[in-house]
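Engineer: model_37.pdb (PDB, C-alpha atoms and all ligand atoms) pasted underneath:
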ATOM      1  CA  MET A   1     -54.975  -2.187 -63.702
ATOM      2  CA  ALA A   2     -51.426  -2.908 -62.567
ATOM      3  CA  ALA A   3     -49.264  -0.349 -60.913
ATOM      4  CA  ALA A   4     -48.686   2.423 -63.395
ATOM      5  CA  ALA A   5     -45.408   3.273 -61.817
ATOM      6  CA  ALA A   6     -44.578   6.110 -64.199
ATOM      7  CA  GLY A   7     -41.281   7.680 -63.408
ATOM      8  CA  ILE A   8     -39.984   4.957 -61.113
ATOM      9  CA  LEU A   9     -37.030   4.195 -63.324
ATOM     10  CA  PRO A  10     -35.289   6.392 -65.848
ATOM     11  CA  TRP A  11     -36.583   5.458 -69.271
ATOM     12  CA  ASN A  12     -33.196   4.416 -70.589
ATOM     13  CA  LYS A  13     -32.880   1.903 -67.757
ATOM     14  CA  ILE A  14     -36.155   0.348 -68.726
ATOM     15  CA  LEU A  15     -35.782   0.625 -72.479
ATOM     16  CA  GLY A  16     -32.107   0.490 -73.037
ATOM     17  CA  SER A  17     -29.903  -2.254 -74.250
ATOM     18  CA  PRO A  18     -26.414  -1.385 -75.385
ATOM     19  CA  LYS A  19     -26.463  -0.119 -78.966
ATOM     20  CA  ASN A  20     -25.324  -2.717 -81.480
ATOM     21  CA  ASP A  21     -26.019  -5.498 -79.022
ATOM     22  CA  THR A  22     -26.895  -8.327 -81.371
ATOM     23  CA  ARG A  23     -27.859 -10.819 -78.703
ATOM     24  CA  THR A  24     -31.469 -11.930 -78.474
ATOM     25  CA  TYR A  25     -33.169 -10.597 -75.371
ATOM     26  CA  LYS A  26     -34.469 -13.474 -73.284
ATOM     27  CA  GLY A  27     -36.090 -11.662 -70.377
ATOM     28  CA  GLY A  28     -39.507 -11.363 -72.018
ATOM     29  CA  LEU A  29     -41.219  -8.032 -72.547
ATOM     30  CA  VAL A  30     -44.466  -6.476 -73.711
ATOM     31  CA  VAL A  31     -45.025  -2.987 -75.101
ATOM     32  CA  SER A  32     -48.262  -1.448 -76.296
ATOM     33  CA  THR A  33     -49.800   1.848 -77.301
ATOM     34  CA  TRP A  34     -51.624   4.291 -75.039
ATOM     35  CA  ILE A  35     -52.690   4.027 -71.408
ATOM     36  CA  HIS A  36     -54.923   1.021 -72.012
ATOM     37  CA  GLY A  37     -51.646  -0.708 -72.851
ATOM     38  CA  LEU A  38     -50.990  -1.098 -69.117
ATOM     39  CA  GLU A  39     -53.875  -3.541 -68.769
ATOM     40  CA  ALA A  40     -53.068  -5.226 -72.037
ATOM     41  CA  ASN A  41     -49.435  -5.671 -70.995
ATOM     42  CA  ASP A  42     -50.484  -7.280 -67.738
ATOM     43  CA  ALA A  43     -52.694  -9.778 -69.547
ATOM     44  CA  ALA A  44     -49.975 -10.544 -72.080
ATOM     45  CA  TRP A  45     -47.389 -10.893 -69.322
ATOM     46  CA  GLU A  46     -49.606 -13.414 -67.531
ATOM     47  CA  VAL A  47     -49.152 -15.646 -70.555
ATOM     48  CA  ILE A  48     -45.486 -14.940 -71.206
ATOM     49  CA  SER A  49     -44.233 -15.154 -67.647
ATOM     50  CA  LYS A  50     -45.607 -18.679 -67.451
ATOM     51  CA  GLY A  51     -43.615 -19.695 -70.489
ATOM     52  CA  GLY A  52     -46.406 -19.019 -73.014
ATOM     53  CA  THR A  53     -45.708 -17.942 -76.560
ATOM     54  CA  ALA A  54     -45.414 -14.368 -77.735
ATOM     55  CA  VAL A  55     -48.333 -14.820 -80.107
ATOM     56  CA  ASP A  56     -50.624 -16.060 -77.329
ATOM     57  CA  GLY A  57     -49.519 -13.119 -75.198
ATOM     58  CA  ALA A  58     -50.161 -10.697 -78.045
ATOM     59  CA  GLU A  59     -53.677 -12.034 -78.560
ATOM     60  CA  MET A  60     -54.612 -12.223 -74.877
ATOM     61  CA  GLY A  61     -53.254  -8.761 -74.138
ATOM     62  CA  VAL A  62     -55.385  -6.825 -76.581
ATOM     63  CA  ARG A  63     -58.510  -8.858 -75.867
ATOM     64  CA  VAL A  64     -58.756  -7.035 -72.539
ATOM     65  CA  VAL A  65     -58.997  -3.701 -74.340
ATOM     66  CA  GLU A  66     -61.401  -5.022 -76.981
ATOM     67  CA  ALA A  67     -63.771  -6.149 -74.220
ATOM     68  CA  ASP A  68     -63.778  -2.825 -72.363
ATOM     69  CA  PRO A  69     -67.011  -0.951 -73.238
ATOM     70  CA  GLU A  70     -65.618   2.316 -71.864
ATOM     71  CA  GLY A  71     -62.864   2.582 -74.470
ATOM     72  CA  GLN A  72     -64.196   4.357 -77.563
ATOM     73  CA  SER A  73     -61.486   3.364 -79.991
ATOM     74  CA  VAL A  74     -61.231  -0.415 -79.778
ATOM     75  CA  GLY A  75     -63.812  -3.229 -79.802
ATOM     76  CA  ILE A  76     -67.146  -2.823 -78.026
ATOM     77  CA  GLY A  77     -67.918   0.826 -77.332
ATOM     78  CA  GLY A  78     -65.818   1.975 -80.284
ATOM     79  CA  LEU A  79     -67.076   5.096 -82.050
ATOM     80  CA  PRO A  80     -69.197   4.166 -85.058
ATOM     81  CA  ASP A  81     -68.821   5.285 -88.631
ATOM     82  CA  ARG A  82     -70.853   8.248 -89.870
ATOM     83  CA  ASP A  83     -73.842   5.940 -90.472
ATOM     84  CA  GLY A  84     -73.814   4.541 -86.941
ATOM     85  CA  ASN A  85     -72.062   1.203 -87.569
ATOM     86  CA  VAL A  86     -69.167   0.053 -85.399
ATOM     87  CA  THR A  87     -66.720  -1.582 -87.803
ATOM     88  CA  LEU A  88     -63.563  -3.224 -86.511
ATOM     89  CA  ASP A  89     -60.096  -3.882 -87.927
ATOM     90  CA  ALA A  90     -57.442  -6.166 -86.407
ATOM     91  CA  CYS A  91     -54.361  -8.159 -87.256
ATOM     92  CA  ILE A  92     -51.870 -10.491 -85.647
ATOM     93  CA  MET A  93     -48.424 -11.694 -86.714
ATOM     94  CA  ASP A  94     -46.261 -14.384 -85.167
ATOM     95  CA  HIS A  95     -42.555 -15.171 -84.976
ATOM     96  CA  THR A  96     -42.661 -17.427 -88.025
ATOM     97  CA  GLY A  97     -43.887 -14.559 -90.207
ATOM     98  CA  ASN A  98     -47.398 -15.958 -90.319
ATOM     99  CA  ALA A  99     -50.168 -13.361 -90.225
ATOM    100  CA  GLY A 100     -53.941 -13.054 -90.004
ATOM    101  CA  SER A 101     -56.239 -10.115 -90.325
ATOM    102  CA  VAL A 102     -59.855  -8.978 -90.423
ATOM    103  CA  CYS A 103     -61.226  -5.669 -91.543
ATOM    104  CA  PHE A 104     -64.615  -3.968 -91.711
ATOM    105  CA  LEU A 105     -65.888  -6.602 -89.287
ATOM    106  CA  GLN A 106     -69.153  -5.918 -87.474
ATOM    107  CA  ASN A 107     -70.875  -7.360 -84.388
ATOM    108  CA  ILE A 108     -67.992  -9.514 -83.157
ATOM    109  CA  LEU A 109     -66.449  -8.780 -79.759
ATOM    110  CA  HIS A 110     -62.931 -10.061 -80.398
ATOM    111  CA  PRO A 111     -61.695  -9.264 -83.900
ATOM    112  CA  ILE A 112     -58.143 -10.148 -82.810
ATOM    113  CA  SER A 113     -59.200 -13.732 -82.139
ATOM    114  CA  VAL A 114     -60.924 -13.915 -85.519
ATOM    115  CA  ALA A 115     -57.686 -12.650 -87.086
ATOM    116  CA  ARG A 116     -55.827 -15.366 -85.177
ATOM    117  CA  LYS A 117     -58.218 -17.980 -86.592
ATOM    118  CA  VAL A 118     -57.671 -16.633 -90.096
ATOM    119  CA  MET A 119     -53.934 -17.027 -89.501
ATOM    120  CA  ASP A 120     -54.094 -20.473 -87.930
ATOM    121  CA  ASP A 121     -56.927 -22.158 -89.791
ATOM    122  CA  THR A 122     -57.095 -20.734 -93.309
ATOM    123  CA  PRO A 123     -54.664 -20.409 -96.207
ATOM    124  CA  HIS A 124     -55.448 -16.667 -96.289
ATOM    125  CA  VAL A 125     -54.164 -13.577 -94.523
ATOM    126  CA  MET A 126     -57.176 -11.277 -94.570
ATOM    127  CA  LEU A 127     -60.949 -11.589 -94.486
ATOM    128  CA  ALA A 128     -63.212  -8.566 -94.837
ATOM    129  CA  GLY A 129     -66.720  -7.491 -93.871
ATOM    130  CA  GLU A 130     -69.541  -9.975 -94.177
ATOM    131  CA  GLY A 131     -67.176 -12.791 -95.147
ATOM    132  CA  ALA A 132     -65.117 -12.218 -92.010
ATOM    133  CA  LYS A 133     -68.281 -12.161 -89.926
ATOM    134  CA  GLN A 134     -69.592 -15.408 -91.417
ATOM    135  CA  PHE A 135     -66.198 -17.008 -90.811
ATOM    136  CA  ALA A 136     -66.320 -15.862 -87.189
ATOM    137  CA  ILE A 137     -69.847 -17.186 -86.665
ATOM    138  CA  ALA A 138     -68.922 -20.500 -88.264
ATOM    139  CA  ASN A 139     -66.072 -20.725 -85.753
ATOM    140  CA  GLY A 140     -68.289 -20.190 -82.741
ATOM    141  CA  PHE A 141     -67.999 -16.433 -82.190
ATOM    142  CA  GLU A 142     -71.252 -14.883 -80.995
ATOM    143  CA  THR A 143     -72.741 -11.762 -82.501
ATOM    144  CA  VAL A 144     -73.132  -8.750 -80.215
ATOM    145  CA  ASP A 145     -74.262  -5.156 -80.493
ATOM    146  CA  LEU A 146     -71.035  -3.140 -80.268
ATOM    147  CA  LEU A 147     -72.652   0.319 -80.156
ATOM    148  CA  THR A 148     -72.849   1.340 -76.500
ATOM    149  CA  PRO A 149     -75.189   4.117 -75.277
ATOM    150  CA  LYS A 150     -72.133   6.350 -74.726
ATOM    151  CA  SER A 151     -70.897   5.933 -78.290
ATOM    152  CA  ARG A 152     -74.415   6.236 -79.709
ATOM    153  CA  GLU A 153     -74.728   9.560 -77.905
ATOM    154  CA  ALA A 154     -71.366  10.726 -79.273
ATOM    155  CA  TRP A 155     -72.588   9.805 -82.758
ATOM    156  CA  GLU A 156     -75.935  11.614 -82.244
ATOM    157  CA  ASN A 157     -73.989  14.706 -81.199
ATOM    158  CA  TRP A 158     -71.666  14.431 -84.171
ATOM    159  CA  LYS A 159     -74.669  14.140 -86.500
ATOM    160  CA  LYS A 160     -75.994  17.547 -85.418
ATOM    161  CA  GLU A 161     -73.103  19.125 -87.272
ATOM    162  CA  SER A 162     -73.168  16.257 -89.738
ATOM    163  CA  GLN A 163     -69.881  17.008 -91.358
ATOM    164  CA  TYR A 164     -69.491  14.199 -93.844
ATOM    165  CA  LYS A 165     -65.807  14.322 -93.378
ATOM    166  CA  PRO A 166     -64.012  12.753 -90.458
ATOM    167  CA  ILE A 167     -62.531  15.367 -88.204
ATOM    168  CA  ILE A 168     -58.901  14.518 -87.943
ATOM    169  CA  ASN A 169     -58.180  15.332 -84.401
ATOM    170  CA  ILE A 170     -54.786  14.623 -82.969
ATOM    171  CA  GLU A 171     -56.342  13.245 -79.793
ATOM    172  CA  ASN A 172     -58.805  10.978 -81.511
ATOM    173  CA  HIS A 173     -56.631   7.932 -82.152
ATOM    174  CA  ASP A 174     -56.313   5.186 -79.600
ATOM    175  CA  THR A 175     -55.748   1.939 -81.416
ATOM    176  CA  ILE A 176     -53.958  -0.686 -79.400
ATOM    177  CA  GLY A 177     -50.849  -2.077 -81.038
ATOM    178  CA  LEU A 178     -48.931  -4.552 -78.898
ATOM    179  CA  ILE A 179     -45.559  -6.248 -79.345
ATOM    180  CA  ALA A 180     -44.664  -9.216 -77.171
ATOM    181  CA  MET A 181     -41.382 -11.050 -76.762
ATOM    182  CA  ASP A 182     -41.503 -14.370 -74.975
ATOM    183  CA  LEU A 183     -38.897 -15.957 -72.747
ATOM    184  CA  GLY A 184     -37.452 -17.749 -75.738
ATOM    185  CA  GLY A 185     -36.814 -14.388 -77.390
ATOM    186  CA  ASN A 186     -39.495 -14.829 -80.053
ATOM    187  CA  LEU A 187     -41.460 -11.790 -81.191
ATOM    188  CA  SER A 188     -45.126 -11.444 -82.137
ATOM    189  CA  GLY A 189     -47.581  -8.570 -82.375
ATOM    190  CA  SER A 190     -51.241  -7.619 -82.490
ATOM    191  CA  CYS A 191     -53.176  -4.529 -83.467
ATOM    192  CA  THR A 192     -56.912  -3.850 -83.052
ATOM    193  CA  THR A 193     -59.162  -0.830 -83.482
ATOM    194  CA  SER A 194     -62.568   0.566 -84.305
ATOM    195  CA  GLY A 195     -60.713   3.017 -86.517
ATOM    196  CA  LEU A 196     -61.354   6.659 -87.055
ATOM    197  CA  GLY A 197     -64.513   7.894 -85.309
ATOM    198  CA  PHE A 198     -67.306   8.826 -87.785
ATOM    199  CA  LYS A 199     -65.309   7.567 -90.749
ATOM    200  CA  MET A 200     -66.969   6.880 -94.094
ATOM    201  CA  HIS A 201     -68.831   3.571 -94.161
ATOM    202  CA  GLY A 202     -66.413   0.965 -95.498
ATOM    203  CA  ARG A 203     -63.274   2.878 -94.594
ATOM    204  CA  VAL A 204     -60.403   0.641 -93.477
ATOM    205  CA  GLY A 205     -57.300   2.095 -91.877
ATOM    206  CA  ASP A 206     -53.756   0.894 -91.349
ATOM    207  CA  SER A 207     -54.395  -1.285 -88.318
ATOM    208  CA  PRO A 208     -55.374  -4.563 -90.065
ATOM    209  CA  ILE A 209     -52.811  -4.151 -92.836
ATOM    210  CA  ILE A 210     -49.660  -6.214 -92.343
ATOM    211  CA  GLY A 211     -46.730  -3.851 -92.834
ATOM    212  CA  ALA A 212     -48.766  -0.740 -92.040
ATOM    213  CA  GLY A 213     -50.335  -1.110 -88.575
ATOM    214  CA  LEU A 214     -48.055  -3.991 -87.586
ATOM    215  CA  PHE A 215     -45.031  -5.857 -88.787
ATOM    216  CA  VAL A 216     -42.921  -8.555 -87.159
ATOM    217  CA  ASP A 217     -39.683 -10.055 -88.392
ATOM    218  CA  ASN A 218     -38.374 -12.375 -85.741
ATOM    219  CA  GLU A 219     -34.768 -11.975 -86.911
ATOM    220  CA  ILE A 220     -34.866  -8.195 -86.614
ATOM    221  CA  GLY A 221     -37.703  -6.735 -84.575
ATOM    222  CA  ALA A 222     -41.298  -5.544 -84.702
ATOM    223  CA  ALA A 223     -43.214  -2.299 -85.038
ATOM    224  CA  THR A 224     -46.767  -1.072 -84.629
ATOM    225  CA  ALA A 225     -48.619   2.149 -85.377
ATOM    226  CA  THR A 226     -51.397   4.326 -84.078
ATOM    227  CA  GLY A 227     -52.871   7.539 -85.381
ATOM    228  CA  LEU A 228     -54.264   8.605 -88.703
ATOM    229  CA  GLY A 229     -54.185   5.378 -90.670
ATOM    230  CA  GLU A 230     -54.073   7.002 -94.074
ATOM    231  CA  LEU A 231     -50.639   8.457 -93.336
ATOM    232  CA  VAL A 232     -49.349   5.124 -92.091
ATOM    233  CA  LEU A 233     -50.785   3.250 -95.076
ATOM    234  CA  LYS A 234     -49.145   5.552 -97.588
ATOM    235  CA  THR A 235     -45.722   4.971 -96.061
ATOM    236  CA  LEU A 236     -46.173   1.346 -94.912
ATOM    237  CA  GLY A 237     -44.798   2.567 -91.622
ATOM    238  CA  SER A 238     -44.341  -0.603 -89.583
ATOM    239  CA  PHE A 239     -42.618  -2.447 -92.409
ATOM    240  CA  LEU A 240     -40.419   0.573 -93.004
ATOM    241  CA  ILE A 241     -39.335   0.654 -89.355
ATOM    242  CA  VAL A 242     -38.412  -3.027 -89.330
ATOM    243  CA  GLU A 243     -36.465  -2.600 -92.574
ATOM    244  CA  LEU A 244     -34.612   0.390 -91.133
ATOM    245  CA  MET A 245     -33.712  -1.716 -88.098
ATOM    246  CA  ARG A 246     -32.451  -4.407 -90.463
ATOM    247  CA  GLN A 247     -30.116  -1.785 -91.900
ATOM    248  CA  GLY A 248     -28.707  -1.113 -88.461
ATOM    249  CA  ARG A 249     -30.892   1.644 -87.033
ATOM    250  CA  THR A 250     -31.994   1.336 -83.439
ATOM    251  CA  PRO A 251     -35.764   1.098 -82.860
ATOM    252  CA  GLN A 252     -35.734   4.759 -81.785
ATOM    253  CA  GLU A 253     -33.839   5.916 -84.864
ATOM    254  CA  ALA A 254     -36.111   3.855 -87.108
ATOM    255  CA  CYS A 255     -39.309   5.291 -85.572
ATOM    256  CA  GLU A 256     -37.931   8.822 -85.965
ATOM    257  CA  GLU A 257     -37.102   8.276 -89.630
ATOM    258  CA  ALA A 258     -40.568   6.846 -90.322
ATOM    259  CA  ILE A 259     -42.203   9.907 -88.737
ATOM    260  CA  ARG A 260     -39.917  12.275 -90.675
ATOM    261  CA  ARG A 261     -40.982  10.663 -93.942
ATOM    262  CA  ILE A 262     -44.635  11.383 -93.159
ATOM    263  CA  VAL A 263     -43.994  14.949 -92.101
ATOM    264  CA  LYS A 264     -41.896  15.703 -95.176
ATOM    265  CA  ARG A 265     -44.808  15.110 -97.543
ATOM    266  CA  ASN A 266     -47.901  16.103 -95.577
ATOM    267  CA  ASP A 267     -49.404  19.040 -93.772
ATOM    268  CA  VAL A 268     -49.643  17.326 -90.395
ATOM    269  CA  LYS A 269     -50.933  20.242 -88.346
ATOM    270  CA  ASP A 270     -53.972  18.328 -87.065
ATOM    271  CA  MET A 271     -52.771  14.816 -87.723
ATOM    272  CA  GLN A 272     -51.130  12.470 -85.287
ATOM    273  CA  VAL A 273     -49.187   9.281 -85.873
ATOM    274  CA  GLY A 274     -47.265   7.362 -83.219
ATOM    275  CA  TYR A 275     -44.907   4.447 -83.753
ATOM    276  CA  LEU A 276     -43.648   1.873 -81.291
ATOM    277  CA  ALA A 277     -40.884  -0.625 -82.062
ATOM    278  CA  VAL A 278     -38.836  -3.363 -80.423
ATOM    279  CA  SER A 279     -35.615  -4.886 -81.697
ATOM    280  CA  LYS A 280     -34.487  -8.440 -81.226
ATOM    281  CA  ASN A 281     -32.090  -7.390 -78.470
ATOM    282  CA  GLY A 282     -35.002  -6.018 -76.428
ATOM    283  CA  GLU A 283     -34.418  -2.348 -77.136
ATOM    284  CA  ILE A 284     -37.544  -0.190 -77.459
ATOM    285  CA  GLY A 285     -38.216   2.927 -79.521
ATOM    286  CA  ALA A 286     -41.204   5.234 -79.870
ATOM    287  CA  TYR A 287     -41.855   8.488 -81.686
ATOM    288  CA  ALA A 288     -44.825  10.591 -82.760
ATOM    289  CA  ILE A 289     -45.572  13.601 -84.921
ATOM    290  CA  HIS A 290     -47.051  15.580 -82.023
ATOM    291  CA  LYS A 291     -46.784  15.460 -78.260
ATOM    292  CA  GLY A 292     -49.375  13.327 -76.477
ATOM    293  CA  PHE A 293     -48.560   9.809 -77.614
ATOM    294  CA  ASN A 294     -47.739   7.448 -74.789
ATOM    295  CA  TYR A 295     -47.109   3.758 -74.500
ATOM    296  CA  ALA A 296     -46.849   1.072 -71.850
ATOM    297  CA  VAL A 297     -43.734  -1.012 -71.277
ATOM    298  CA  HIS A 298     -43.677  -4.224 -69.273
ATOM    299  CA  LYS A 299     -40.026  -5.056 -68.793
ATOM    300  CA  ASN A 300     -37.703  -5.947 -65.927
ATOM    301  CA  GLY A 301     -40.630  -6.556 -63.565
ATOM    302  CA  LYS A 302     -42.258  -3.143 -64.059
ATOM    303  CA  ASN A 303     -45.242  -2.048 -66.109
ATOM    304  CA  ILE A 304     -44.995   1.679 -66.750
ATOM    305  CA  LEU A 305     -46.474   4.337 -68.992
ATOM    306  CA  ILE A 306     -43.985   6.458 -70.922
ATOM    307  CA  ASP A 307     -44.479   9.649 -72.930
ATOM    308  CA  ALA A 308     -43.057   9.291 -76.412
ATOM    309  CA  PRO A 309     -40.885  12.075 -77.785
ATOM    310  CA  SER A 310     -42.272  13.867 -80.844
ATOM    311  CA  LEU A 311     -40.990  15.675 -83.909
ATOM    312  CA  LEU A 312     -43.205  18.743 -83.437
ATOM    313  CA  GLN A 313     -43.565  20.355 -80.028
TER     314      GLN A 313
HETATM  315  N1  LIG A 401     -54.825   3.865 -86.866
HETATM  316  C1  LIG A 401     -56.249   3.829 -86.656
HETATM  317  C2  LIG A 401     -56.954   4.014 -87.953
HETATM  318  O1  LIG A 401     -56.571   4.872 -88.729
HETATM  319  C3  LIG A 401     -56.745   4.867 -85.723
HETATM  320  C4  LIG A 401     -56.131   4.879 -84.375
HETATM  321  O2  LIG A 401     -54.931   4.691 -84.208
HETATM  322  O3  LIG A 401     -56.889   5.079 -83.426
HETATM  323  O4  LIG A 401     -57.937   3.351 -88.174
END
Here is a file; write its structure as C-alpha cells.
Ligand code: ASP

Structural biologist:
Amino acid sequence: MAAAAAGILPWNKILGSPKNDTRTYKGGLVVSTWIHGLEANDAAWEVISKGGTAVDGAEMGVRVVEADPEGQSVGIGGLPDRDGNVTLDACIMDHTGNAGSVCFLQNILHPISVARKVMDDTPHVMLAGEGAKQFAIANGFETVDLLTPKSREAWENWKKESQYKPIINIENHDTIGLIAMDLGGNLSGSCTTSGLGFKMHGRVGDSPIIGAGLFVDNEIGAATATGLGELVLKTLGSFLIVELMRQGRTPQEACEEAIRRIVKRNDVKDMQVGYLAVSKNGEIGAYAIHKGFNYAVHKNGKNILIDAPSLLQ
C-alpha cells in the first residue's frame, strides 16, 4: 500500500479549487471510498499517470480491492447472503456517458470487468444473476469459489442467532466507489461490492445502479456512494449530487444536501451512508450521515486518507 500520509497537507490544500472555477482540472486525480481506496487509487494512478484513460484507471483501481480475500465487503472474501452465497454487484461509467453493470453475480472474481464488458461489447447496461455469469464465462472469465474460510465462519456465527433480517450496522458498509479524472480532464467511475452482509438472497443494493451507487457526467462531475443501499436507491443519491453540482453547488455542498434529504425522511440511528463527489474543476466533496466514513484522495502527488465530515456527531 502506498504511503498513507494522512495529515501531511491541510485538506483544503489537497481538495480545494477556487469556488466557481469553471476550468477543467488537468492534473489527474483519483478518489475512492474507505481505507482500501489507498491501494485502489495507486493502481488507478498507475494507469492515469502514464496517460491512460479515466475509465481504464477506474476499472484497474477497484480490481485490486476485488481480488483481496481479506476484505469482507468487496469481491472474493465478501460476506455472503443469509443462505451462504456471495453475490456481487458492480458498475462502471465513462466520460461519454456510457455505462455497464452487473448485479447478483456469483463465482466471478472481477465483476467490475464484467460490467466493463457489458458496457463495451453489448447494447445493454445491466446483466443480472445467471445471465451475467454466463456472459462472463462466454467472455473468458473463470469461475471461482468466492466464500473464504473467514467469511464462512462469520456466516456460521451469524446463523447461530439466525436473524432473518440484515443487521444494519453503521460500520458494516465498505463498498469501493472510485472516481478517476485523467490528464485530459475526462471523468469516469466504478463501484463494486458484495453488498450488505447476510442480506436476503437476491437482494441488490445501490452499487450497480447507475445514478444510485455511481453517476458520471463529464461536463459537470461525478459522485459515488457507500452505505445502506436502500437509502441511496430511494433518493438516487449519486445522480442527485451531480444534478446539484450542475445547478452550481460545490461537490461538498451537493453531498451535504443529498445526505440531508435521506435524514429528513428516515430514522437513521443505525444507518450509515457516505457520499464522495468530484467536480470538473477537480474539487472534491464528501459527507456522511454518521462519523466514521473516510476516503482516499490521490491528487497533487499524494495519496492520503481523509475523514469525511458528517451530519450527526
Ligand atoms: N452500498 C452497499 C449496498 O447497499 C453496501 C456498502 O456500501 O458496503 O449493497

Engineer: Quick check on the file I pasted: which residues fall under the PyMOL selection byres (((chain A and resi 296) around 8) and not hetatm)? Write them as a list in words.

Structural biologist: Val31, Ser32, Thr33, Trp34, Ile35, Gly37, Leu38, Asn41, Asn294, Tyr295, Val297, His298, Asn303, Ile304, Leu305 and Ile306 of chain A

Engineer: CA of Val144 (chain A) to CA of Ile108 (chain A): how many Å, to one decimal?

Structural biologist: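 Between CA of Val144 (chain A) and CA of Ile108 (chain A) the gap works out to 6.0 Å.
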
Engineer: In the coordinates of the file, take the point (-47.8, 3.9, -92.7) and a cut-off of 12 Å; then, counting all atoms listed in the file, name each qualifying protein, DNA or RNA residue as number ranges by chain.

Structural biologist: A: 205-215, 223-241, 255, 257-263, 272-275

Engineer: One number please: CA of Ile76 (chain A) to CA of Leu147 (chain A), in Å, one decimal.

Structural biologist: 6.7 Å

Engineer: State, in Å with one decimal place, the distance from CA of Gly75 (chain A) to CA of Met126 (chain A).

Structural biologist: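 These atoms are spaced 18.1 Å apart.
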